[in-house]
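Novice: Got a structure for you, questions after.
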Amino acid sequence: GGAAAALGPALPARAFLDLPGPLKNRYFLVCHGESALEAAPQGDGSRGRLLSNPGFKYDYGLSLTPRGKAQMAGVAELLEAELGFTDGWIYTSNFQRAFQSALVLREGLGLPFARLRTEFSGLLDPRKVGALDGGPAAALEGVHAADARDPFSAPPPVESSLQPSASTESVYDVLRRALEALTRLERTYSGEDVVLVSHASTLSVFTAAMMGTELGRHHRDWPYAHGQCVVYDQQLVGLGRPAPACVPRPPGAAARFRCGGLRPPQAAAGAQE
């Protein structure tokens, strides 16, 4: 036999798409409506309780409040009337507060149930906060301060857990989820409208990844309010124009939502403290 041909250098494996990068679909990132968790008064005088443990994701006692349902009905109206949502898809976290939000959205948009997909693999779950679970939501301020210093840092784990390290996540752990989720969606659809119903702690990291901004500043650059919708449209980003962002206004305001612009990637990347 002849001499064996020399093999060239191995090409790097690319399991996930690169972000920021061109995305074929238009994404509507929606933070779930207010639930009993956010309304719960805490001993320190604040409101809101943390819950990221998937063991409690189906607890019906943590359902949307009437205000939360109204927020999501408003998002459905916004998607159709102002943001140009067309016959697309809804993907949702299966935590009770997100799933119920997605049901309200589906009904408001008039989509068939076949267009609603529940994410069971955890890609849209809230960021795991370990030992902080069950405590006041105000504790996230310390987590965000640590993120700014080191995006690889994570909240304290649940030491009594069989896998303590699995009870908590860093920003980069959530980034890996974002890469996997968007890679799957980009390989499944092309030129579609896709709604992602998730949690503020997850969506802020997703948005930082999509826009190419500093991951450690995710909570400052891309904060999410309950019932907020942010649109990622590659055509707008490519032109250097801001994508629309809409946040709910206080009850009684003349307009239900205040809509403004998100900074385009080049402006956000150069932002100063």
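Just so we're on the same page: first chain in the structure tokens is A, next is B, and so on; residues restart at 1 for each chain, and ligands are numbered from 1 in the order they show up.
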Could you produce a table of the residues of range 107-207 of chain A lying within 12 Å of range 66-74 of chain A, with the nearest pair of atoms per residue and their separation in Å rounded to one decimal, using only C-alpha atoms, ordered by chain and increasing residue number, as a Markdown table?

Specialist:
| residue | atom | partner | partner_atom | distance |
| --- | --- | --- | --- | --- |
| A:Glu107 | CA | A:Ala73 | CA | 8.6 |
| A:Gly108 | CA | A:Ala73 | CA | 6.1 |
| A:Leu109 | CA | A:Ala73 | CA | 9.0 |
| A:Gly110 | CA | A:Ala73 | CA | 11.6 |
| A:Val197 | CA | A:Met72 | CA | 10.4 |

Novice: Just asking: which residues within range 7-233 of chain A are alpha helix (DSSP H) according to DSSP, as a PDB file with C-alpha atoms, in the first residue's frame?

Specialist:
ATOM      1  CA  ALA A  36     -46.835  34.833  45.650  1.00  0.00           C
ATOM      2  CA  LEU A  37     -43.051  34.683  46.082  1.00  0.00           C
ATOM      3  CA  GLU A  38     -42.509  38.286  45.007  1.00  0.00           C
ATOM      4  CA  ALA A  39     -45.444  39.497  47.091  1.00  0.00           C
ATOM      5  CA  PRO A  66     -53.882  38.868  40.235  1.00  0.00           C
ATOM      6  CA  ARG A  67     -51.359  41.602  39.493  1.00  0.00           C
ATOM      7  CA  GLY A  68     -49.047  39.065  37.885  1.00  0.00           C
ATOM      8  CA  LYS A  69     -51.820  37.750  35.642  1.00  0.00           C
ATOM      9  CA  ALA A  70     -52.685  41.312  34.614  1.00  0.00           C
ATOM     10  CA  GLN A  71     -49.017  41.972  33.817  1.00  0.00           C
ATOM     11  CA  MET A  72     -48.891  39.013  31.454  1.00  0.00           C
ATOM     12  CA  ALA A  73     -52.172  39.917  29.770  1.00  0.00           C
ATOM     13  CA  GLY A  74     -50.578  43.320  29.169  1.00  0.00           C
ATOM     14  CA  VAL A  75     -47.473  41.696  27.684  1.00  0.00           C
ATOM     15  CA  ALA A  76     -49.639  39.718  25.238  1.00  0.00           C
ATOM     16  CA  GLU A  77     -51.348  42.948  24.184  1.00  0.00           C
ATOM     17  CA  LEU A  78     -47.974  44.642  23.817  1.00  0.00           C
ATOM     18  CA  LEU A  79     -46.511  41.827  21.716  1.00  0.00           C
ATOM     19  CA  GLU A  80     -49.322  42.022  19.190  1.00  0.00           C
ATOM     20  CA  ALA A  81     -50.175  45.710  19.149  1.00  0.00           C
ATOM     21  CA  GLN A  96     -45.030  27.406  38.332  1.00  0.00           C
ATOM     22  CA  ARG A  97     -44.719  31.204  38.114  1.00  0.00           C
ATOM     23  CA  ALA A  98     -43.228  31.099  34.619  1.00  0.00           C
ATOM     24  CA  PHE A  99     -45.493  28.338  33.298  1.00  0.00           C
ATOM     25  CA  GLN A 100     -48.631  30.155  34.429  1.00  0.00           C
ATOM     26  CA  SER A 101     -47.288  33.335  32.814  1.00  0.00           C
ATOM     27  CA  ALA A 102     -46.824  31.470  29.542  1.00  0.00           C
ATOM     28  CA  LEU A 103     -50.394  30.149  29.708  1.00  0.00           C
ATOM     29  CA  VAL A 104     -51.737  33.701  30.049  1.00  0.00           C
ATOM     30  CA  LEU A 105     -49.554  34.799  27.125  1.00  0.00           C
ATOM     31  CA  ARG A 106     -50.708  31.922  24.928  1.00  0.00           C
ATOM     32  CA  GLU A 107     -54.350  32.699  25.561  1.00  0.00           C
ATOM     33  CA  GLY A 108     -53.869  36.423  25.012  1.00  0.00           C
ATOM     34  CA  LEU A 109     -52.036  35.851  21.731  1.00  0.00           C
ATOM     35  CA  LEU A 140     -29.413  39.069  45.515  1.00  0.00           C
ATOM     36  CA  GLU A 141     -27.743  42.455  45.930  1.00  0.00           C
ATOM     37  CA  GLY A 142     -24.761  40.695  47.496  1.00  0.00           C
ATOM     38  CA  VAL A 143     -24.759  38.070  44.741  1.00  0.00           C
ATOM     39  CA  HIS A 144     -24.729  40.756  42.061  1.00  0.00           C
ATOM     40  CA  ALA A 145     -21.893  42.600  43.778  1.00  0.00           C
ATOM     41  CA  ALA A 146     -19.893  39.352  43.728  1.00  0.00           C
ATOM     42  CA  ASP A 147     -20.766  38.844  40.039  1.00  0.00           C
ATOM     43  CA  ALA A 148     -19.282  42.244  39.220  1.00  0.00           C
ATOM     44  CA  ARG A 149     -16.033  41.290  40.951  1.00  0.00           C
ATOM     45  CA  VAL A 171     -22.911  33.729  35.848  1.00  0.00           C
ATOM     46  CA  TYR A 172     -20.857  31.483  33.591  1.00  0.00           C
ATOM     47  CA  ASP A 173     -22.994  28.479  34.523  1.00  0.00           C
ATOM     48  CA  VAL A 174     -26.056  30.418  33.328  1.00  0.00           C
ATOM     49  CA  LEU A 175     -24.120  31.483  30.212  1.00  0.00           C
ATOM     50  CA  ARG A 176     -23.660  27.824  29.298  1.00  0.00           C
ATOM     51  CA  ARG A 177     -27.430  27.402  29.564  1.00  0.00           C
ATOM     52  CA  ALA A 178     -27.946  30.413  27.304  1.00  0.00           C
ATOM     53  CA  LEU A 179     -25.589  29.007  24.676  1.00  0.00           C
ATOM     54  CA  GLU A 180     -27.317  25.624  24.692  1.00  0.00           C
ATOM     55  CA  ALA A 181     -30.837  27.076  24.605  1.00  0.00           C
ATOM     56  CA  LEU A 182     -30.139  29.488  21.746  1.00  0.00           C
ATOM     57  CA  THR A 183     -28.177  26.889  19.788  1.00  0.00           C
ATOM     58  CA  ARG A 184     -31.121  24.487  19.955  1.00  0.00           C
ATOM     59  CA  LEU A 185     -33.596  27.198  18.905  1.00  0.00           C
ATOM     60  CA  GLU A 186     -31.428  28.445  16.044  1.00  0.00           C
ATOM     61  CA  ARG A 187     -31.080  24.903  14.725  1.00  0.00           C
ATOM     62  CA  THR A 188     -34.825  24.310  14.988  1.00  0.00           C
ATOM     63  CA  ALA A 200     -35.017  37.870  35.904  1.00  0.00           C
ATOM     64  CA  SER A 201     -31.852  36.168  37.202  1.00  0.00           C
ATOM     65  CA  THR A 202     -31.619  34.101  34.016  1.00  0.00           C
ATOM     66  CA  LEU A 203     -32.801  36.599  31.417  1.00  0.00           C
ATOM     67  CA  SER A 204     -30.294  39.273  32.410  1.00  0.00           C
ATOM     68  CA  VAL A 205     -27.438  36.844  31.658  1.00  0.00           C
ATOM     69  CA  PHE A 206     -29.087  35.673  28.421  1.00  0.00           C
ATOM     70  CA  THR A 207     -29.406  39.285  27.261  1.00  0.00           C
ATOM     71  CA  ALA A 208     -25.800  40.130  28.145  1.00  0.00           C
ATOM     72  CA  ALA A 209     -24.662  37.104  26.131  1.00  0.00           C
ATOM     73  CA  MET A 210     -26.837  38.006  23.123  1.00  0.00           C
ATOM     74  CA  MET A 211     -25.793  41.662  23.149  1.00  0.00           C
ATOM     75  CA  HIS A 218     -25.610  41.654  33.586  1.00  0.00           C
ATOM     76  CA  HIS A 219     -27.749  42.854  36.500  1.00  0.00           C
ATOM     77  CA  ARG A 220     -26.862  46.505  35.872  1.00  0.00           C
ATOM     78  CA  ASP A 221     -26.984  46.582  32.080  1.00  0.00           C
TER      79      ASP A 221
END

Novice: For the atom pair CA of Ser167 in chain A and CA of Phe16 in chain A, what is the interatomic distance in Å to one decimal place?

Specialist: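 Answer for the CA of Ser167 in chain A to CA of Phe16 in chain A separation: 24.3 Å.
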
Novice: Within range 47-244 of chain A, find each residue whose DSSP state, derived from the backbone, is strand (DSSP E), and express the selection as a PyMOL selection string.

Specialist: chain A and resi 89-93+116-119+193-198+229-232+244

Novice: Measuring between only C-alpha atoms, which one of A:Val158, A:Ala114, A:Val194, A:Leu132 shows the shortest distance to Lys24 in chain A?

Specialist: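 Comparing A:Val158, A:Ala114, A:Val194, A:Leu132 against Lys24 in chain A, the winner is A:Val194.
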
Novice: Interatomic distance between CA of Leu123 in chain A and CA of Lys57 in chain A?

Specialist: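 These atoms are spaced 13.7 Å apart.
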
Novice: Expressed in Å to a single decimal, how great is the separation between CA of Gln235 in chain A and CA of Tyr91 in chain A?

Specialist: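 Value for the CA of Gln235 in chain A-CA of Tyr91 in chain A distance: 22.0 Å.
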
Novice: From the list A:His32, A:Leu196, A:Phe113, A:Pro155, which residue is nearest Ala139 in chain A when using only C-alpha atoms?

Specialist: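 Closest residue, counting only C-alpha atoms: A:Pro155.
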